[in-house]
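Novice: Have a look at the structure that comes next, please.
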Amino acid sequence: MKKILFFLFFSSILLILTSCNNTSSKKTIQLAEVTRSIFYAPQYVALEKGFFEDEGLDVELQTTWGGDKTMTSLLSDGADIALVGAETSIYVYAQDSKDIAINFAQLTQTDGTFLVAKDEKPDFDWNDLKGTTFLGQRKGGMPQMVGEYVLKQHGIDPNEDLDLQQNIEFANIPSAFVSSDAEYVQLFEPTASTFEKEGKGHIIASFGEESGTVPYTVYMAKQTYMDEHKAELEKFTKAIYRAQQWVSEHSAKEIAKTIQPYFEDTDVAMLTSSIERYKNQGSFATDPVLKEDAWNNLKNIMEAAGELPEDVAYEDLVNPTFAKDVLQN
């Protein structure tokens, strides 16, 4: 009997020690996202499904609300990894930063905004925008650059053919559209679908479908962090890839139910509608590899908007090694 009790006691102690060792062996990663968006559904799936934990990572998510703030957080060591538009890495590089930001995994591969009109436009033509007031996004940011790129592709000069307004804070754009005389606005989900449901606007076109594949939101880390934490970055990328595959294989409703804790003010039906829209236009990347042709498309969009500070080669700011490795394993 004493032997049995001793064995049970010893086993319990061993279990506790093992548990403590597993906990202490977890690597903490501070992750900064540029905004809270349904557009980033695979990331929230990775968090909710425990994919990061399975890789021995404790990922602490913070929302930094804006590209400038996100990059400041990354460069000042307030974050280890940033989820933000790839264009920000080019801006940092052009400023001769001592520690540049390197893109290593792609999350979304199209623009995530939609053209919303106050009135229904069953026979919409892009030329309908000429002579109207259009609420755009922040100058120099990906939504605005893609918006201008698409307009130009349809023969519209954003600065000459319409009244383009870019002086409104991102968070205030929806309310400004409702209260102003603006006829068109560029919105993300779920705001675009919410406006349709409430009769405040009508989705008439997708900037994502019009602009093609582009590294819209990517994961990046400083070069020094990348050099010192290769194992963690590979594990992080592996978890993201697993989440991307999960999103690809599951319905919009299943995804919505999984990520709802991150959108408590949005019901499952609205989340489902928004996710379905993004899935249908291929916005969620199905693997984390940022390809060179997508990088070149990004630079074309930036150049068309007059925002490309210099032509930075793919090899200078993209390290696809981690993404390619997880695809092979």
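Every chain in the structure tokens has a letter given in the order shown (A, B, ...), and although residue numbers restart at 1 in each chain, ligands are simply numbered from 1 in the order shown.
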Sorted by chain and rising residue number, list the residues of range 25-115 of chain A at most 9 Å from range 139-147 of chain A (counting only C-alpha atoms), each with its closest atom pair and distance in Å to one decimal, as JSON lines.

Specialist:
{"residue": "A:Gly67", "atom": "CA", "partner": "A:Gly141", "partner_atom": "CA", "distance": 7.7}
{"residue": "A:Gly85", "atom": "CA", "partner": "A:Met142", "partner_atom": "CA", "distance": 6.7}
{"residue": "A:Ala86", "atom": "CA", "partner": "A:Met142", "partner_atom": "CA", "distance": 8.6}
{"residue": "A:Glu87", "atom": "CA", "partner": "A:Met142", "partner_atom": "CA", "distance": 7.2}
{"residue": "A:Thr88", "atom": "CA", "partner": "A:Gly141", "partner_atom": "CA", "distance": 8.4}
{"residue": "A:Asp111", "atom": "CA", "partner": "A:Pro143", "partner_atom": "CA", "distance": 6.8}
{"residue": "A:Gly112", "atom": "CA", "partner": "A:Pro143", "partner_atom": "CA", "distance": 7.8}
{"residue": "A:Thr113", "atom": "CA", "partner": "A:Pro143", "partner_atom": "CA", "distance": 6.9}
{"residue": "A:Leu115", "atom": "CA", "partner": "A:Gly147", "partner_atom": "CA", "distance": 9.0}

Novice: Write out as a compact mmCIF listing (two decimals) with N, CA and C atoms, in the first residue's frame the residues lying within 9 Å of Ile173 in chain A, counting only C-alpha atoms and excluding same-chain residues fewer than 5 positions away.

Specialist:
# COMPACT_ATOMS: atom_id res chain seq x y z
N LEU A 135 -15.47 60.01 -50.43
CA LEU A 135 -14.69 59.94 -49.20
C LEU A 135 -13.70 58.79 -49.30
N GLY A 136 -12.42 59.13 -49.42
CA GLY A 136 -11.39 58.11 -49.53
C GLY A 136 -10.76 57.81 -48.19
N GLN A 137 -9.65 57.09 -48.22
CA GLN A 137 -8.94 56.70 -47.00
C GLN A 137 -7.70 57.59 -46.83
N ILE A 168 -10.28 62.91 -43.34
CA ILE A 168 -11.11 62.38 -42.25
C ILE A 168 -10.42 61.17 -41.61
N VAL A 178 -22.39 59.24 -43.73
CA VAL A 178 -23.82 59.29 -43.43
C VAL A 178 -24.30 60.74 -43.26
N VAL A 185 -18.18 56.26 -50.91
CA VAL A 185 -17.20 56.08 -49.84
C VAL A 185 -16.52 54.72 -50.01
N GLN A 186 -15.32 54.62 -49.49
CA GLN A 186 -14.54 53.39 -49.55
C GLN A 186 -14.52 52.78 -48.15
N LEU A 187 -15.12 51.60 -47.96
CA LEU A 187 -15.29 51.02 -46.63
C LEU A 187 -14.85 49.56 -46.55

Novice: Just checking: using only C-alpha atoms, which residue out of A:Ala205, A:Ala32, A:Leu83, A:Ala46 ends up closest to Leu61 in chain A?

Specialist: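 Closest candidate: A:Ala32.
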
Novice: Which residues are near range 299-315 of chain A? Cut-off 12 Å, only C-alpha atoms, ignore same chain within fewer than 5 positions. Put them as a ChimeraX atom specification.

Specialist: /A:85-96,102-104,111,139-153,157-159,211-216,290-294,320-321

Novice: Which is closest to Val34 in chain A among A:Ser180, A:Ser206, A:Ser76, A:Thr217, if we use only C-alpha atoms?

Specialist: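 Answer, going by the shortest atom-to-atom distance: A:Thr217.
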
Novice: Based on the backbone DSSP call, show me all residues of range 91-272 of chain A assigned strand (DSSP E), as an MDAnalysis selection string.

Specialist: chainID A and resid 101:108 113:117 133:135 163:165 184:188 202:206 217:222

Novice: Keeping only C-alpha atoms, write the selected residues to a file as a PDB file, in the first residue's frame.

Specialist:
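Result file is result-v9.pdb:
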ATOM      1  CA  ALA A 101      11.493  45.750 -41.137  1.00  0.00           C
ATOM      2  CA  ILE A 102      11.442  42.511 -43.136  1.00  0.00           C
ATOM      3  CA  ASN A 103       8.224  40.969 -44.502  1.00  0.00           C
ATOM      4  CA  PHE A 104       8.164  37.222 -43.832  1.00  0.00           C
ATOM      5  CA  ALA A 105       4.538  36.017 -44.127  1.00  0.00           C
ATOM      6  CA  GLN A 106       1.446  37.204 -45.967  1.00  0.00           C
ATOM      7  CA  LEU A 107      -2.036  37.114 -44.424  1.00  0.00           C
ATOM      8  CA  THR A 108      -4.266  38.885 -46.962  1.00  0.00           C
ATOM      9  CA  THR A 113     -12.411  47.709 -49.212  1.00  0.00           C
ATOM     10  CA  PHE A 114     -15.635  48.151 -51.143  1.00  0.00           C
ATOM     11  CA  LEU A 115     -17.155  51.056 -53.022  1.00  0.00           C
ATOM     12  CA  VAL A 116     -20.360  52.064 -51.268  1.00  0.00           C
ATOM     13  CA  ALA A 117     -22.905  54.482 -52.748  1.00  0.00           C
ATOM     14  CA  THR A 133     -17.787  63.751 -53.817  1.00  0.00           C
ATOM     15  CA  PHE A 134     -15.887  60.651 -52.754  1.00  0.00           C
ATOM     16  CA  LEU A 135     -14.689  59.938 -49.201  1.00  0.00           C
ATOM     17  CA  ASP A 163     -13.951  65.756 -55.202  1.00  0.00           C
ATOM     18  CA  LEU A 164     -11.690  63.342 -53.326  1.00  0.00           C
ATOM     19  CA  GLN A 165     -11.688  63.928 -49.573  1.00  0.00           C
ATOM     20  CA  TYR A 184     -19.491  57.503 -52.507  1.00  0.00           C
ATOM     21  CA  VAL A 185     -17.198  56.076 -49.841  1.00  0.00           C
ATOM     22  CA  GLN A 186     -14.535  53.387 -49.551  1.00  0.00           C
ATOM     23  CA  LEU A 187     -15.295  51.019 -46.626  1.00  0.00           C
ATOM     24  CA  PHE A 188     -14.079  47.780 -45.062  1.00  0.00           C
ATOM     25  CA  HIS A 202     -25.186  50.075 -51.131  1.00  0.00           C
ATOM     26  CA  ILE A 203     -22.106  48.005 -52.060  1.00  0.00           C
ATOM     27  CA  ILE A 204     -21.610  48.466 -55.782  1.00  0.00           C
ATOM     28  CA  ALA A 205     -18.002  47.369 -56.424  1.00  0.00           C
ATOM     29  CA  SER A 206     -14.986  45.685 -54.825  1.00  0.00           C
ATOM     30  CA  THR A 217      -1.392  42.925 -44.882  1.00  0.00           C
ATOM     31  CA  VAL A 218       1.695  40.976 -43.918  1.00  0.00           C
ATOM     32  CA  TYR A 219       3.708  39.955 -40.903  1.00  0.00           C
ATOM     33  CA  MET A 220       7.033  41.684 -40.504  1.00  0.00           C
ATOM     34  CA  ALA A 221       9.813  41.812 -37.935  1.00  0.00           C
ATOM     35  CA  LYS A 222      12.961  43.847 -37.532  1.00  0.00           C
TER      36      LYS A 222
END

Novice: Give me the range 26-59 of chain A side of the contact with range 234-246 of chain A, cut-off 6 Å, one line per residue showing its nearest atom pair and distance in Å at one decimal, counting only C-alpha atoms, sorted by chain and residue number, as a Markdown table.

Specialist:
| residue | atom | partner | partner_atom | distance |
| --- | --- | --- | --- | --- |
| A:Pro42 | CA | A:Ala243 | CA | 5.3 |
| A:Val45 | CA | A:Ala243 | CA | 5.9 |
| A:Ala46 | CA | A:Ala243 | CA | 5.1 |
| A:Phe51 | CA | A:Ala239 | CA | 5.1 |
| A:Phe52 | CA | A:Ala239 | CA | 5.4 |
| A:Glu55 | CA | A:Lys235 | CA | 5.7 |

Novice: Emit the selected residues as a PDB file, in the first residue's frame, including C-alpha atoms.

Specialist:
ATOM      1  CA  PRO A  42      -7.074  33.593 -40.097  1.00  0.00           C
ATOM      2  CA  VAL A  45      -8.538  31.494 -35.864  1.00  0.00           C
ATOM      3  CA  ALA A  46      -4.894  30.734 -35.023  1.00  0.00           C
ATOM      4  CA  PHE A  51      -2.425  26.836 -33.154  1.00  0.00           C
ATOM      5  CA  PHE A  52       0.227  29.139 -31.666  1.00  0.00           C
ATOM      6  CA  GLU A  55       3.906  25.457 -31.504  1.00  0.00           C
TER       7      GLU A  55
END
